[in-house]
>>> print(open('structure-v2.txt').read())   # compact mmCIF, C-alpha atoms
# COMPACT_ATOMS: atom_id res chain seq x y z
CA MET A 1 63.46 99.18 147.72
CA GLU A 2 59.78 98.37 147.24
CA PHE A 3 57.98 95.03 146.96
CA LEU A 4 55.13 92.99 148.42
CA ALA A 5 55.26 89.65 150.25
CA LEU A 6 52.25 87.35 149.92
CA ASP A 7 51.07 84.21 151.72
CA PHE A 8 47.97 82.02 151.45
CA GLU A 9 46.49 79.46 153.80
CA THR A 10 44.04 76.97 152.29
CA ALA A 11 41.08 75.02 153.65
CA THR A 12 41.73 71.84 151.67
CA THR A 13 44.19 70.30 149.24
CA GLN A 14 42.31 72.04 146.42
CA PRO A 15 44.28 75.11 145.34
CA ASP A 16 41.13 77.20 144.89
CA SER A 17 40.31 76.96 148.63
CA PRO A 18 42.05 79.99 150.18
CA CYS A 19 40.82 80.72 153.69
CA GLU A 20 43.34 83.43 154.54
CA LEU A 21 45.57 85.84 152.63
CA GLY A 22 48.31 88.03 154.03
CA ILE A 23 50.25 90.76 152.22
CA ALA A 24 53.18 92.70 153.68
CA VAL A 25 53.97 96.01 151.99
CA VAL A 26 57.63 97.09 151.85
CA ARG A 27 58.46 100.69 151.00
CA ASP A 28 61.86 102.36 151.29
CA GLY A 29 63.35 99.11 152.57
CA VAL A 30 60.95 98.78 155.55
CA VAL A 31 57.76 96.76 156.15
CA ARG A 32 55.24 99.58 156.32
CA GLU A 33 51.98 97.66 156.48
CA VAL A 34 50.64 94.12 156.83
CA ARG A 35 47.19 93.34 155.44
CA ASN A 36 45.25 90.21 156.35
CA TRP A 37 41.98 88.81 155.01
CA LEU A 38 40.00 85.80 156.21
CA ILE A 39 38.22 84.31 153.20
CA LYS A 40 35.18 82.04 152.93
CA PRO A 41 36.28 79.41 150.38
CA PRO A 42 33.91 77.75 147.88
CA GLN A 43 34.33 74.45 149.75
CA TRP A 44 32.90 75.88 153.00
CA PRO A 45 31.86 74.47 155.42
CA TYR A 46 34.28 71.62 154.69
CA PHE A 47 37.85 72.12 155.95
CA SER A 48 40.46 69.38 155.89
CA PRO A 49 41.35 68.28 159.44
CA HIS A 50 45.01 68.29 158.41
CA HIS A 51 44.82 71.90 157.24
CA ILE A 52 43.03 72.95 160.43
CA ALA A 53 45.84 71.32 162.41
CA VAL A 54 48.41 73.33 160.43
CA HIS A 55 46.92 76.83 160.57
CA GLY A 56 44.18 76.64 163.20
CA ILE A 57 41.54 78.26 160.99
CA ARG A 58 38.16 76.54 161.31
CA PRO A 59 34.95 76.82 159.27
CA GLU A 60 33.29 78.93 161.96
CA HIS A 61 36.13 81.45 161.80
CA VAL A 62 35.26 82.31 158.19
CA ALA A 63 31.48 81.81 158.29
CA ASP A 64 30.92 85.57 157.94
CA ALA A 65 34.10 86.32 155.98
CA PRO A 66 33.96 87.70 152.42
CA ARG A 67 34.25 85.46 149.38
CA TRP A 68 37.23 85.80 147.05
CA PRO A 69 35.46 88.01 144.45
CA ASP A 70 34.61 90.46 147.23
CA ILE A 71 38.23 91.04 148.28
CA TRP A 72 39.86 90.75 144.86
CA PRO A 73 39.45 94.41 143.80
CA GLU A 74 41.34 95.52 146.92
CA VAL A 75 43.99 92.83 146.49
CA ALA A 76 44.38 93.54 142.78
CA ASP A 77 45.03 97.22 143.50
CA LEU A 78 47.90 96.21 145.79
CA LEU A 79 49.42 93.69 143.37
CA ARG A 80 49.09 95.59 140.12
CA ASP A 81 52.45 96.24 138.44
CA ARG A 82 54.38 95.36 141.61
CA MET A 83 57.11 92.85 142.43
CA VAL A 84 55.74 90.15 144.75
CA VAL A 85 57.58 87.50 146.76
CA ALA A 86 56.29 84.31 148.38
CA HIS A 87 58.14 81.60 150.26
CA ASN A 88 57.67 78.53 148.08
CA ALA A 89 55.99 80.72 145.47
CA ALA A 90 54.86 77.75 143.37
CA PHE A 91 52.25 76.96 146.04
CA ASP A 92 50.96 80.49 146.58
CA MET A 93 50.87 81.41 142.90
CA ASN A 94 49.03 78.18 142.11
CA VAL A 95 46.43 79.13 144.74
CA LEU A 96 46.08 82.58 143.17
CA ARG A 97 45.87 81.24 139.59
CA SER A 98 43.38 78.54 140.49
CA THR A 99 41.19 80.84 142.56
CA LEU A 100 41.04 83.52 139.88
CA CYS A 101 40.27 80.94 137.21
CA ALA A 102 37.58 79.23 139.32
CA ALA A 103 35.89 82.61 139.83
CA ASP A 104 36.41 83.56 136.15
CA ILE A 105 38.33 86.69 137.15
CA ALA A 106 40.96 88.20 134.84
CA PHE A 107 44.56 88.26 136.02
CA THR A 108 46.09 91.55 137.07
CA PRO A 109 49.68 92.21 135.91
CA PHE A 110 52.54 91.77 138.37
CA GLU A 111 55.91 90.01 138.64
CA TYR A 112 56.96 87.61 141.37
CA PHE A 113 59.83 85.53 142.71
CA CYS A 114 60.37 82.79 145.26
CA SER A 115 62.24 83.59 148.48
CA VAL A 116 63.30 79.93 148.78
CA SER A 117 65.15 80.28 145.47
CA MET A 118 66.52 83.63 146.60
CA ALA A 119 67.77 82.20 149.91
CA ARG A 120 69.53 79.32 148.14
CA LYS A 121 71.41 81.82 145.96
CA VAL A 122 72.24 84.32 148.71
CA TRP A 123 72.97 81.84 151.54
CA PRO A 124 74.14 78.54 150.00
CA GLY A 125 74.85 75.48 152.11
CA HIS A 126 71.95 75.42 154.57
CA ARG A 127 70.30 72.10 155.41
CA SER A 128 66.80 73.63 155.29
CA TYR A 129 65.38 76.63 153.48
CA GLY A 130 61.93 76.38 155.06
CA LEU A 131 60.52 79.61 156.44
CA SER A 132 60.84 78.47 160.07
CA ALA A 133 64.48 77.48 159.62
CA MET A 134 65.40 80.67 157.77
CA CYS A 135 63.64 82.90 160.30
CA ALA A 136 65.30 81.11 163.21
CA HIS A 137 68.71 81.52 161.57
CA HIS A 138 68.21 85.24 160.95
CA GLY A 139 66.39 86.10 164.19
CA ILE A 140 63.07 86.94 162.54
CA PRO A 141 59.98 86.51 164.75
CA LEU A 142 57.48 84.07 163.25
CA ARG A 143 54.04 82.78 164.15
CA HIS A 144 54.05 80.18 161.42
CA HIS A 145 51.08 79.32 159.19
CA ARG A 146 49.06 82.46 159.69
CA ALA A 147 49.09 84.39 156.46
CA GLY A 148 49.89 87.88 157.68
CA ASN A 149 52.69 86.65 159.93
CA ASP A 150 54.20 84.48 157.19
CA ALA A 151 54.01 87.33 154.68
CA GLU A 152 55.74 89.74 157.07
CA ALA A 153 58.44 87.18 157.92
CA THR A 154 59.04 86.55 154.21
CA ALA A 155 59.42 90.28 153.61
CA GLU A 156 61.91 90.53 156.48
CA LEU A 157 63.87 87.59 155.07
CA VAL A 158 64.25 89.38 151.74
CA LEU A 159 65.34 92.53 153.56
CA ARG A 160 67.99 90.51 155.41
CA ALA A 161 69.24 89.23 152.05
CA ILE A 162 69.47 92.78 150.73
CA GLY A 163 71.36 93.78 153.87
CA ASP A 164 72.98 97.21 153.80
CA ARG A 165 71.85 97.95 150.23
CA PRO A 166 68.27 99.22 150.77
CA TRP A 167 68.70 101.59 147.82
CA PHE A 168 68.82 98.60 145.45
CA ASP A 169 65.97 98.26 143.01
CA ILE A 170 64.39 94.89 143.78
CA THR A 171 64.65 93.78 140.14
CA GLN A 172 68.34 94.75 140.09
CA PHE A 173 68.89 92.71 143.25
CA LEU A 174 67.18 89.65 141.74
CA HIS A 175 69.14 89.88 138.50
CA THR A 176 72.40 90.29 140.43
CA HIS A 177 71.75 87.03 142.27
CA ARG A 178 70.26 85.28 139.23
CA VAL A 179 66.89 84.74 140.89
CA ARG A 180 64.28 83.88 138.27
CA ILE A 181 61.18 86.04 137.93
CA GLY A 182 57.66 84.93 136.98
CA ALA A 183 54.71 87.06 135.95
CA PHE A 184 50.94 87.30 135.79
CA HIS A 185 49.36 89.31 133.00
CA PRO A 186 45.81 89.56 131.60
CA GLY A 187 46.65 87.05 128.88
CA GLY A 188 48.11 84.38 131.11
CA HIS A 189 51.03 83.39 133.32
CA ARG A 190 54.79 82.93 132.96
CA SER A 191 56.52 80.75 135.52
CA PRO A 192 59.99 81.65 136.84
CA GLY A 193 61.23 78.75 134.75
CA GLY A 194 59.91 80.44 131.61
CA LYS A 195 56.84 78.29 130.89
CA VAL A 196 54.07 80.45 129.41
CA THR A 197 50.43 79.42 129.90
CA PRO A 198 47.54 81.37 128.32
CA ALA A 199 44.83 82.35 130.79
CA GLY A 200 42.22 80.35 128.88
CA ALA A 201 44.25 77.17 129.28
CA LEU A 202 44.12 77.57 133.05
CA ARG A 203 40.33 77.56 133.18
>>> encode(input="structure-v2.txt", output="structure tokens")
Amino acid sequence: MEFLALDFETATTQPDSPCELGIAVVRDGVVREVRNWLIKPPQWPYFSPHHIAVHGIRPEHVADAPRWPDIWPEVADLLRDRMVVAHNAAFDMNVLRSTLCAADIAFTPFEYFCSVSMARKVWPGHRSYGLSAMCAHHGIPLRHHRAGNDAEATAELVLRAIGDRPWFDITQFLHTHRVRIGAFHPGGHRSPGGKVTPAGALR
């Protein structure tokens, strides 16, 4: 069982304002590594007070951080041709799409799914499928709204869903539970719902 879990924190309501990215790497059914990058967004030094209140990241924390184009080669190498999960993937994938388009950077190919959708299929009947609620229910430690912690917790949530079947191929697991899969590719993006958008239309 191999996949990546990804989480963004943003500086403002603009999707191309990532200020932190976390990626948890799962190999052989275990979280082997968690990577975390602080990012200096194009909107710096402006940060929304609401966003600061959520994640605690302030302009001074990223004053000397790399810009998105500086970290993208390293991130792209991790994502390329992998299966990626995010909790509420529509948000995180919109941040990624918008940030790549704003920087005029070509997409790298990978597939992704939403762990909220997965949780609804695997554990129906819960009142809340937010990351905090799901982690509390499954005993997963969480320091919410810091990217590396959220990514690791999301990875652990997927592993709980897989349970005692760590030999499952992640794509097989998703198909078994009818969890829809989206994709990035150099020519554009396909949402889990099947909508295809050419890369040029996103710029």
>>> closest_residue(input="structure-v2.txt", among="A:Ala86, A:His185, A:Glu9, A:Ile105", to="Arg58 in chain A", atoms="only C-alpha atoms")
A:Glu9
>>> atom_distance(input="structure-v2.txt", atom1="CA of Thr13 in chain A", atom2="CA of Trp44 in chain A")
13.1 Å
>>> residues_near_point(input="structure-v2.txt", point="(32.7, 80.4, 144.8)", cutoff="8 Å", atoms="all atoms listed in the file", output="list in words")
Pro41, Pro42, Gln43, Arg67, Trp68, Ala102 and Ala103 of chain A
>>> residues_around(input="structure-v2.txt", residues="Ala5 in chain A", least_positions_apart="5", cutoff="9 Å", atoms="all atoms listed in the file", output="CSV table (one decimal) with C-alpha atoms, keeping the file's coordinate frame")
chain,number,residue,atom,x,y,z
A,22,GLY,CA,48.3,88.0,154.0
A,23,ILE,CA,50.2,90.8,152.2
A,24,ALA,CA,53.2,92.7,153.7
A,25,VAL,CA,54.0,96.0,152.0
A,26,VAL,CA,57.6,97.1,151.8
A,83,MET,CA,57.1,92.8,142.4
A,84,VAL,CA,55.7,90.2,144.8
A,85,VAL,CA,57.6,87.5,146.8
A,86,ALA,CA,56.3,84.3,148.4
A,87,HIS,CA,58.1,81.6,150.3
A,150,ASP,CA,54.2,84.5,157.2
A,151,ALA,CA,54.0,87.3,154.7
A,152,GLU,CA,55.7,89.7,157.1
A,153,ALA,CA,58.4,87.2,157.9
A,154,THR,CA,59.0,86.6,154.2
A,155,ALA,CA,59.4,90.3,153.6
>>> closest_residue(input="structure-v2.txt", among="A:Ala147, A:Met118, A:Leu159, A:Ala76", to="His175 in chain A", atoms="all atoms listed in the file")
A:Met118
>>> axis_aligned_box(input="structure-v2.txt", around="range 85-100 of chain A", padding_each_side="6 Å", output="JSON")
{"center_x": 49.6, "center_y": 82.2, "center_z": 144.9, "size_x": 29.1, "size_y": 22.5, "size_z": 22.7}
>>> closest_residue(input="structure-v2.txt", among="A:Leu142, A:Thr108, A:Phe113, A:Gly163", to="Gly187 in chain A", atoms="all atoms listed in the file")
A:Thr108
>>> closest_residue(input="structure-v2.txt", among="A:Asp81, A:Glu74, A:Glu156, A:Glu60", to="His138 in chain A", atoms="only C-alpha atoms")
A:Glu156
>>> residues_around(input="structure-v2.txt", residues="Glu20 in chain A", least_positions_apart="2", cutoff="9 Å", atoms="all atoms listed in the file", output="list in words")
Asp7, Phe8, Glu9, Thr10, Ala11, Pro18, Gly22, Asn36, Trp37, Leu38, Ile39, Lys40, Ile57, Val62, Arg146, Ala147 and Gly148 of chain A
